[in-house]
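Raw query39.pdb, PDB, C-alpha atoms:
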```
ATOM      1  CA  MET A 198       8.533 -21.506  -8.677
ATOM      2  CA  GLY A 199       8.996 -25.164  -9.425
ATOM      3  CA  ARG A 200       6.045 -27.359 -10.170
ATOM      4  CA  LEU A 201       4.385 -28.255  -6.921
ATOM      5  CA  GLU A 202       3.683 -31.904  -7.292
ATOM      6  CA  GLU A 203       0.893 -33.365  -5.297
ATOM      7  CA  ARG A 204       2.674 -36.113  -3.470
ATOM      8  CA  VAL A 205       2.130 -36.774   0.189
ATOM      9  CA  SER A 206       5.441 -37.081   1.942
ATOM     10  CA  ASP A 207       6.613 -36.717   5.524
ATOM     11  CA  LEU A 208      10.177 -36.133   4.459
ATOM     12  CA  LEU A 209      11.557 -32.668   4.948
ATOM     13  CA  VAL A 210      13.276 -31.279   1.923
ATOM     14  CA  SER A 211      16.893 -32.319   2.131
ATOM     15  CA  ARG A 212      19.620 -29.705   2.185
ATOM     16  CA  ASP A 213      21.448 -32.017  -0.191
ATOM     17  CA  LEU A 214      19.178 -30.609  -2.887
ATOM     18  CA  ILE A 215      20.550 -27.070  -2.498
ATOM     19  CA  GLY A 216      21.998 -25.971  -5.817
ATOM     20  CA  GLN A 217      19.849 -28.402  -7.755
ATOM     21  CA  GLN A 218      18.595 -26.717 -10.897
ATOM     22  CA  SER A 219      16.443 -27.339 -13.903
ATOM     23  CA  ASP A 220      17.619 -27.535 -17.450
ATOM     24  CA  GLU A 221      17.272 -24.338 -19.424
ATOM     25  CA  VAL A 222      13.811 -24.043 -20.958
ATOM     26  CA  LEU A 223      12.957 -21.759 -23.864
ATOM     27  CA  VAL A 224       9.756 -19.893 -22.995
ATOM     28  CA  GLU A 225       7.906 -17.993 -25.690
ATOM     29  CA  ILE A 226       5.968 -15.050 -24.302
ATOM     30  CA  GLU A 227       2.589 -15.043 -25.990
ATOM     31  CA  ARG A 228       0.369 -12.018 -26.399
ATOM     32  CA  GLY A 229      -2.752 -14.026 -25.533
ATOM     33  CA  ALA A 230      -1.203 -15.314 -22.314
ATOM     34  CA  ILE A 231      -0.337 -11.770 -21.232
ATOM     35  CA  ARG A 232      -3.847 -10.588 -22.024
ATOM     36  CA  LYS A 233      -5.472 -13.464 -20.175
ATOM     37  CA  PHE A 234      -3.269 -12.804 -17.152
ATOM     38  CA  ALA A 235      -4.040  -9.064 -17.105
ATOM     39  CA  GLU A 236      -7.762  -9.756 -17.464
ATOM     40  CA  ALA A 237      -7.758 -12.270 -14.603
ATOM     41  CA  VAL A 238      -6.029  -9.761 -12.335
ATOM     42  CA  GLY A 239      -8.298  -6.930 -13.455
ATOM     43  CA  ASP A 240      -5.164  -5.023 -14.449
ATOM     44  CA  THR A 241      -6.251  -2.022 -16.500
ATOM     45  CA  THR A 242      -2.754  -1.124 -17.748
ATOM     46  CA  GLU A 243      -3.411  -0.666 -21.463
ATOM     47  CA  ALA A 244      -0.130  -2.134 -22.726
ATOM     48  CA  CYS A 245      -0.853  -5.257 -20.646
ATOM     49  CA  LEU A 246      -4.489  -5.554 -21.728
ATOM     50  CA  ARG A 247      -3.317  -5.319 -25.338
ATOM     51  CA  GLY A 248      -0.924  -8.169 -24.586
ATOM     52  CA  GLU A 249       2.165  -6.146 -25.490
ATOM     53  CA  VAL A 250       3.932  -5.771 -22.152
ATOM     54  CA  ALA A 251       3.748  -8.393 -19.409
ATOM     55  CA  PRO A 252       2.573  -7.275 -15.962
ATOM     56  CA  PRO A 253       5.429  -7.441 -13.432
ATOM     57  CA  THR A 254       4.202 -10.643 -11.799
ATOM     58  CA  PHE A 255       3.741 -12.457 -15.115
ATOM     59  CA  PRO A 256       6.902 -14.579 -14.549
ATOM     60  CA  THR A 257       4.804 -16.590 -12.065
ATOM     61  CA  THR A 258       3.352 -18.286 -15.159
ATOM     62  CA  ILE A 259       6.798 -19.739 -15.894
ATOM     63  CA  ARG A 260       6.829 -22.959 -13.892
ATOM     64  CA  ILE A 261       9.879 -25.120 -14.301
ATOM     65  CA  PRO A 262      10.236 -28.171 -12.055
ATOM     66  CA  ILE A 263      13.498 -28.700 -10.217
ATOM     67  CA  PRO A 264      14.612 -32.331 -10.522
ATOM     68  CA  GLY A 265      14.206 -34.172  -7.223
ATOM     69  CA  LEU A 266      12.184 -31.451  -5.515
ATOM     70  CA  THR A 267       8.682 -32.592  -4.609
ATOM     71  CA  TYR A 268       6.369 -31.613  -1.796
ATOM     72  CA  ASP A 269       2.745 -31.834  -0.818
ATOM     73  CA  LEU A 270       0.756 -28.902  -2.183
ATOM     74  CA  ALA A 271      -1.558 -28.925   0.822
ATOM     75  CA  ARG A 272       1.396 -28.343   3.156
ATOM     76  CA  ILE A 273       3.017 -25.348   1.555
ATOM     77  CA  LEU A 274       2.591 -21.631   1.996
ATOM     78  CA  HIS A 275       3.963 -18.948  -0.259
ATOM     79  CA  GLY A 276       5.883 -16.750   2.155
ATOM     80  CA  GLY A 277       7.268 -14.129  -0.176
ATOM     81  CA  GLN A 278       8.192 -13.278  -3.706
ATOM     82  CA  GLU A 279      10.605 -10.953  -5.444
ATOM     83  CA  TYR A 280      11.058 -10.022  -9.094
ATOM     84  CA  ARG A 281      13.833  -7.893 -10.549
ATOM     85  CA  PHE A 282      13.841  -6.593 -14.075
ATOM     86  CA  GLN A 283      16.479  -5.303 -16.450
ATOM     87  CA  ARG A 284      13.579  -4.441 -18.728
ATOM     88  CA  PRO A 285       9.922  -5.416 -18.990
ATOM     89  CA  ILE A 286       8.984  -8.735 -20.579
ATOM     90  CA  ARG A 287       7.254  -8.244 -23.928
ATOM     91  CA  ALA A 288       5.117 -10.381 -26.202
ATOM     92  CA  GLY A 289       7.333 -12.190 -28.672
ATOM     93  CA  ASP A 290      10.231 -12.507 -26.219
ATOM     94  CA  ARG A 291      11.869 -15.905 -26.306
ATOM     95  CA  LEU A 292      13.347 -16.272 -22.854
ATOM     96  CA  ARG A 293      15.876 -18.844 -21.775
ATOM     97  CA  CYS A 294      14.661 -19.731 -18.289
ATOM     98  CA  ARG A 295      15.989 -21.876 -15.502
ATOM     99  CA  SER A 296      14.899 -22.520 -11.918
ATOM    100  CA  LYS A 297      17.149 -23.430  -9.036
ATOM    101  CA  LEU A 298      16.815 -24.396  -5.379
ATOM    102  CA  ALA A 299      18.976 -21.698  -3.810
ATOM    103  CA  ASP A 300      18.548 -22.589  -0.139
ATOM    104  CA  VAL A 301      16.738 -24.796   2.374
ATOM    105  CA  TYR A 302      16.580 -23.981   6.081
ATOM    106  CA  GLN A 303      14.497 -24.656   9.168
ATOM    107  CA  ARG A 304      12.969 -21.984  11.329
ATOM    108  CA  ASP A 305      10.507 -21.939  14.202
ATOM    109  CA  GLY A 306       7.410 -19.970  13.344
ATOM    110  CA  ARG A 307       3.982 -19.482  14.835
ATOM    111  CA  LEU A 308       2.959 -22.819  13.326
ATOM    112  CA  GLY A 309       5.914 -24.717  14.796
ATOM    113  CA  ALA A 310       9.058 -25.894  12.987
ATOM    114  CA  MET A 311       8.891 -25.044   9.331
ATOM    115  CA  THR A 312      11.109 -25.666   6.349
ATOM    116  CA  PHE A 313      11.866 -22.709   4.111
ATOM    117  CA  LEU A 314      12.766 -23.185   0.460
ATOM    118  CA  ILE A 315      14.332 -20.387  -1.560
ATOM    119  CA  ILE A 316      13.670 -20.987  -5.238
ATOM    120  CA  ASP A 317      15.230 -18.794  -7.904
ATOM    121  CA  LEU A 318      14.092 -18.329 -11.460
ATOM    122  CA  GLU A 319      15.992 -16.462 -14.133
ATOM    123  CA  GLY A 320      15.090 -15.432 -17.648
ATOM    124  CA  ARG A 321      17.563 -14.339 -20.286
ATOM    125  CA  ALA A 322      17.080 -13.111 -23.803
ATOM    126  CA  GLU A 323      18.251 -15.409 -26.570
ATOM    127  CA  ASN A 324      21.516 -13.446 -26.774
ATOM    128  CA  GLY A 325      22.125 -14.219 -23.100
ATOM    129  CA  GLU A 326      21.334 -10.783 -21.700
ATOM    130  CA  PRO A 327      19.531 -10.993 -18.358
ATOM    131  CA  VAL A 328      15.879  -9.876 -18.487
ATOM    132  CA  PHE A 329      14.461 -10.815 -15.091
ATOM    133  CA  THR A 330      15.102 -12.840 -11.968
ATOM    134  CA  GLY A 331      12.596 -14.168  -9.458
ATOM    135  CA  ARG A 332      13.045 -15.406  -5.909
ATOM    136  CA  SER A 333      10.275 -17.344  -4.156
ATOM    137  CA  THR A 334      10.151 -18.159  -0.474
ATOM    138  CA  VAL A 335       8.096 -21.320  -0.002
ATOM    139  CA  ILE A 336       7.250 -22.587   3.470
ATOM    140  CA  VAL A 337       6.661 -26.304   3.996
ATOM    141  CA  ARG A 338       4.895 -27.117   7.225
TER     142      ARG A 338
ATOM    143  CA  MET B 181       6.284  -0.596 -27.224
ATOM    144  CA  SER B 182       4.255   0.492 -24.276
ATOM    145  CA  ASP B 183       1.952   3.425 -23.807
ATOM    146  CA  THR B 184       3.015   6.942 -23.362
ATOM    147  CA  VAL B 185       2.108   6.920 -19.723
ATOM    148  CA  THR B 186       1.388  10.017 -17.805
ATOM    149  CA  THR B 187       3.143   9.028 -14.650
ATOM    150  CA  ARG B 188       1.284   9.593 -11.451
ATOM    151  CA  LEU B 189       4.586  10.131  -9.703
ATOM    152  CA  ASP B 190       5.679  13.697 -10.203
ATOM    153  CA  THR B 191       9.326  13.711  -9.154
ATOM    154  CA  ARG B 192       9.199  17.457  -8.537
ATOM    155  CA  GLU B 193       6.595  16.949  -5.865
ATOM    156  CA  LEU B 194       7.976  13.778  -4.325
ATOM    157  CA  SER B 195      10.050  13.588  -1.207
ATOM    158  CA  VAL B 196      10.917  10.829   1.189
ATOM    159  CA  GLY B 197       7.788  10.015   3.159
ATOM    160  CA  SER B 198       5.372  11.196   0.460
ATOM    161  CA  ALA B 199       2.206   9.121   0.456
ATOM    162  CA  LEU B 200       1.125   7.880  -2.980
ATOM    163  CA  ALA B 201      -2.347   7.949  -4.492
ATOM    164  CA  GLU B 202      -4.233   4.760  -3.601
ATOM    165  CA  LEU B 203      -5.697   2.179  -5.957
ATOM    166  CA  ARG B 204      -8.798   0.390  -4.752
ATOM    167  CA  LYS B 205      -9.559  -2.930  -6.410
ATOM    168  CA  GLU B 206     -12.978  -4.474  -6.838
ATOM    169  CA  ALA B 207     -13.994  -7.212  -4.409
ATOM    170  CA  ILE B 208     -12.284 -10.527  -5.138
ATOM    171  CA  THR B 209     -14.680 -13.168  -6.465
ATOM    172  CA  LYS B 210     -14.450 -16.938  -6.728
ATOM    173  CA  LEU B 211     -14.677 -16.519 -10.487
ATOM    174  CA  GLN B 212     -11.603 -14.303 -10.396
ATOM    175  CA  LEU B 213      -9.719 -17.013  -8.495
ATOM    176  CA  VAL B 214     -10.674 -19.577 -11.138
ATOM    177  CA  LYS B 215      -9.530 -17.201 -13.889
ATOM    178  CA  TYR B 216      -6.311 -16.426 -12.055
ATOM    179  CA  ALA B 217      -5.630 -20.139 -11.524
ATOM    180  CA  GLY B 218      -5.946 -20.689 -15.265
ATOM    181  CA  ALA B 219      -3.958 -17.616 -16.282
ATOM    182  CA  SER B 220      -1.131 -18.194 -13.803
ATOM    183  CA  GLY B 221      -0.955 -21.986 -13.881
ATOM    184  CA  ASP B 222      -1.355 -22.246 -10.095
ATOM    185  CA  TYR B 223      -3.900 -25.041  -9.837
ATOM    186  CA  ASN B 224      -3.645 -25.578  -6.094
ATOM    187  CA  LEU B 225      -7.263 -26.428  -5.287
ATOM    188  CA  ILE B 226      -7.230 -24.548  -1.980
ATOM    189  CA  HIS B 227      -7.844 -21.474  -4.174
ATOM    190  CA  THR B 228     -10.757 -22.829  -6.170
ATOM    191  CA  ASP B 229     -12.389 -25.740  -4.340
ATOM    192  CA  ASP B 230     -14.014 -25.194  -0.939
ATOM    193  CA  GLU B 231     -13.974 -28.888  -0.125
ATOM    194  CA  THR B 232     -10.199 -29.082  -0.591
ATOM    195  CA  ALA B 233      -9.735 -25.874   1.385
ATOM    196  CA  ARG B 234     -11.777 -27.251   4.314
ATOM    197  CA  ARG B 235      -9.799 -30.474   4.271
ATOM    198  CA  VAL B 236      -6.644 -28.485   5.056
ATOM    199  CA  GLY B 237      -8.354 -26.592   7.873
ATOM    200  CA  LEU B 238      -9.506 -23.433   6.101
ATOM    201  CA  ASP B 239     -13.075 -22.093   6.192
ATOM    202  CA  GLY B 240     -13.175 -22.091   2.421
ATOM    203  CA  VAL B 241     -11.071 -21.076  -0.548
ATOM    204  CA  ILE B 242      -8.410 -18.407  -0.106
ATOM    205  CA  ALA B 243      -6.977 -16.173  -2.809
ATOM    206  CA  HIS B 244      -3.586 -16.865  -4.324
ATOM    207  CA  GLY B 245      -0.979 -14.720  -2.576
ATOM    208  CA  MET B 246       0.303 -13.947  -6.028
ATOM    209  CA  LEU B 247      -3.020 -12.352  -6.934
ATOM    210  CA  SER B 248      -2.534  -9.666  -4.291
ATOM    211  CA  MET B 249       1.053  -9.250  -5.503
ATOM    212  CA  ALA B 250      -0.342  -8.847  -9.017
ATOM    213  CA  PHE B 251      -2.564  -6.053  -7.666
ATOM    214  CA  LEU B 252       0.599  -4.341  -6.400
ATOM    215  CA  GLY B 253       2.158  -4.904  -9.823
ATOM    216  CA  GLN B 254      -0.846  -3.204 -11.390
ATOM    217  CA  TYR B 255      -0.498  -0.419  -8.842
ATOM    218  CA  LEU B 256       3.128   0.127  -9.885
ATOM    219  CA  CYS B 257       2.148   0.159 -13.572
ATOM    220  CA  TRP B 258      -0.597   2.634 -12.750
ATOM    221  CA  LEU B 259       1.836   4.832 -10.813
ATOM    222  CA  THR B 260       4.792   4.782 -13.186
ATOM    223  CA  GLY B 261       4.088   2.686 -16.294
ATOM    224  CA  PRO B 262       5.312  -0.870 -16.875
ATOM    225  CA  ASP B 263       8.664   0.161 -18.385
ATOM    226  CA  SER B 264       9.843   1.825 -15.169
ATOM    227  CA  ILE B 265       9.707  -1.147 -12.825
ATOM    228  CA  ARG B 266      13.034  -2.574 -11.704
ATOM    229  CA  ARG B 267      12.070  -4.558  -8.621
ATOM    230  CA  LEU B 268       8.990  -5.695  -6.724
ATOM    231  CA  SER B 269       9.415  -7.691  -3.561
ATOM    232  CA  VAL B 270       6.658  -8.749  -1.155
ATOM    233  CA  ARG B 271       5.819 -10.847   1.879
ATOM    234  CA  PHE B 272       2.458 -12.541   2.193
ATOM    235  CA  ALA B 273       1.224 -11.809   5.696
ATOM    236  CA  GLU B 274      -2.498 -12.511   5.821
ATOM    237  CA  MET B 275      -4.973 -14.659   3.961
ATOM    238  CA  VAL B 276      -7.310 -13.062   1.451
ATOM    239  CA  ARG B 277     -10.784 -14.472   0.842
ATOM    240  CA  PRO B 278     -13.487 -13.996  -1.783
ATOM    241  CA  GLY B 279     -15.410 -10.832  -0.947
ATOM    242  CA  ASP B 280     -12.339  -9.035   0.369
ATOM    243  CA  VAL B 281     -11.729  -5.584  -1.059
ATOM    244  CA  LEU B 282      -8.038  -4.743  -1.345
ATOM    245  CA  THR B 283      -6.628  -1.251  -1.587
ATOM    246  CA  CYS B 284      -3.047  -0.650  -2.719
ATOM    247  CA  ARG B 285      -1.156   2.074  -0.930
ATOM    248  CA  GLY B 286       2.419   3.221  -0.744
ATOM    249  CA  ARG B 287       4.933   5.829   0.228
ATOM    250  CA  VAL B 288       8.338   6.967  -0.944
ATOM    251  CA  THR B 289      11.269   5.686   1.102
ATOM    252  CA  ALA B 290      14.218   6.860  -1.029
ATOM    253  CA  LEU B 291      14.954   9.128  -3.970
ATOM    254  CA  GLU B 292      18.212   8.956  -5.820
ATOM    255  CA  GLN B 293      19.504  10.360  -9.085
ATOM    256  CA  ASP B 294      20.753   7.502 -11.255
ATOM    257  CA  VAL B 295      22.438   7.579 -14.680
ATOM    258  CA  ALA B 296      19.218   6.109 -16.075
ATOM    259  CA  GLY B 297      16.959   8.660 -14.345
ATOM    260  CA  GLN B 298      15.360   9.176 -10.982
ATOM    261  CA  ARG B 299      15.463   5.995  -8.962
ATOM    262  CA  ILE B 300      12.593   5.844  -6.496
ATOM    263  CA  THR B 301      12.219   3.271  -3.743
ATOM    264  CA  LEU B 302       8.695   2.720  -2.557
ATOM    265  CA  GLU B 303       7.179   0.926   0.379
ATOM    266  CA  LEU B 304       3.877  -0.507  -0.750
ATOM    267  CA  TRP B 305       1.189  -2.766   0.539
ATOM    268  CA  ALA B 306      -2.274  -4.103  -0.152
ATOM    269  CA  GLU B 307      -4.691  -3.822   2.745
ATOM    270  CA  ASN B 308      -8.126  -5.338   3.172
ATOM    271  CA  GLN B 309     -11.416  -3.656   4.084
ATOM    272  CA  ARG B 310     -10.442  -3.899   7.766
ATOM    273  CA  ALA B 311      -7.300  -1.811   7.035
ATOM    274  CA  GLN B 312      -5.170  -4.880   7.702
ATOM    275  CA  PRO B 313      -2.106  -5.157   5.426
ATOM    276  CA  VAL B 314      -2.256  -8.544   3.703
ATOM    277  CA  THR B 315       0.702  -8.291   1.336
ATOM    278  CA  SER B 316       3.497  -5.785   1.864
ATOM    279  CA  GLY B 317       6.791  -5.036   0.288
ATOM    280  CA  GLU B 318       9.053  -2.732  -1.564
ATOM    281  CA  ALA B 319       9.599  -1.640  -5.127
ATOM    282  CA  GLU B 320      12.157   0.265  -7.132
ATOM    283  CA  VAL B 321      11.284   2.236 -10.219
ATOM    284  CA  ILE B 322      13.294   4.479 -12.501
ATOM    285  CA  ILE B 323      11.458   7.357 -14.130
TER     286      ILE B 323
END
```
Could you take the file, read its structure, and then write that structure out as structure tokens?
Amino acid sequence: MGRLEERVSDLLVSRDLIGQQSDEVLVEIERGAIRKFAEAVGDTTEACLRGEVAPPTFPTTIRIPIPGLTYDLARILHGGQEYRFQRPIRAGDRLRCRSKLADVYQRDGRLGAMTFLIIDLEGRAENGEPVFTGRSTVIVR
Amino acid sequence: MSDTVTTRLDTRELSVGSALAELRKEAITKLQLVKYAGASGDYNLIHTDDETARRVGLDGVIAHGMLSMAFLGQYLCWLTGPDSIRRLSVRFAEMVRPGDVLTCRGRVTALEQDVAGQRITLELWAENQRAQPVTSGEAEVII
């Protein structure tokens, strides 16, 4: 998910931003970061605790802002999240990552009119092979 | 490479509808939320600072939705090993607070022979101590 900047704004996210994406960022997957993540979760998977294989939700640590997309942290809810993997992420991977605003739409929910943001994240190996994709549903209210 | 995992999913015994072994997590603590904030990079203070949480109308801090998804990720690793996971998709339905005890549960919704192995689709969810599902979704694994 993009960086959630703390900026108070009454503006709804404009549909003009759909398709807006970040530059590609090279992310080095560090053993210590995997270990720290697994420990925080209380994940007892040995390969994760050793920092060798990233737990499946580890891509949440990859936060790449989308240019132009800002919203107030206090007004957002994380509605849903998906990750797909071609293979697990491993320590030492150097992943070429990019985030993109895939969609913006309004819907009436139990809290009134809400804006939904669909934010995609992808990670490829250095040779370009896809490794994982993520899709976040963020609700701005 | 990863462990040689003794999978807890025995494909010979699985069929559509099979309930999976459950994984009960320890009670969530405020310290865990602080650790998770640091490890994940989600510094939204509604997860770590009661004052901020109250200002937005909550009783106090709430857990990161992604923490309960991480529990389901652990559950999948525990069931099949981390190399088997192809997809994990969830919706965050209810808030989780410090002191809550989450239990991960699941059942098989589809079994399919794939070139790469047995593809298994699972429905899975984390429920709290009141048996209320807080985070639910679906996963695909190949074993």
Find the residues in chain B near chain A: any atom within 7 Å counts, using all atoms listed in the file. Write them as number ranges by chain. B: 182-183, 212, 215-216, 219-221, 224, 236, 245, 247, 250-251, 253-254, 257-258, 262-263, 265-272
Could you work out how far CA of Glu292 in chain B lies from CA of Leu189 in chain B, giving the answer in Å with one decimal?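 Separation between CA of Leu189 in chain B and CA of Glu292 in chain B: 14.2 Å.
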For Thr228 in chain B, which of B:Pro278, B:Gly286, B:Gly297, B:Gly197 is the closest residue, counting all atoms listed in the file? B:Pro278
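Computed from the coordinates, the CA of Thr283 in chain B to CA of Ile273 in chain A distance equals 26.1 Å.
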Which residues fall under the PyMOL selection byres ((chain B and resi 199) around 7) in this file, as an mmCIF file with C-alpha atoms, in the coordinates of the input?
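And here's part_14.cif as it stands now:
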```cif
data_model
loop_
_atom_site.group_PDB
_atom_site.id
_atom_site.type_symbol
_atom_site.label_atom_id
_atom_site.label_comp_id
_atom_site.auth_asym_id
_atom_site.auth_seq_id
_atom_site.Cartn_x
_atom_site.Cartn_y
_atom_site.Cartn_z
ATOM 1 C CA GLY B 197 7.788 10.015 3.159
ATOM 2 C CA SER B 198 5.372 11.196 0.460
ATOM 3 C CA LEU B 200 1.125 7.880 -2.980
ATOM 4 C CA ALA B 201 -2.347 7.949 -4.492
ATOM 5 C CA GLY B 286 2.419 3.221 -0.744
ATOM 6 C CA ARG B 287 4.933 5.829 0.228
ATOM 7 C CA VAL B 288 8.338 6.967 -0.944
#
```
Quick one: of B:Asn308, B:Thr315, B:Thr301, B:Thr191, who's nearest to Arg204 in chain B, counting only C-alpha atoms?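 Smallest separation from Arg204 in chain B among the options: B:Asn308.
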Of the candidates B:Leu203, B:Val241, B:Ala233, B:Leu213, which shows the shortest atom-to-atom distance to Leu304 in chain B, using all atoms listed in the file?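 Result for the nearest residue to Leu304 in chain B: B:Leu203.
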Pull out every residue that the PyMOL selection byres ((chain A and resi 292) around 6) matches in the shown coordinates and put them as an MDAnalysis selection string. chainID A and resid 223:224 290:291 293:294 320:322
Selection in question (the file shown): the PyMOL selection byres ((chain A and resi 305-313) around 12). Which residues does it include, as an MDAnalysis selection string? chainID A and resid 207:212 215 268 272:277 298:304 314:316 333:338
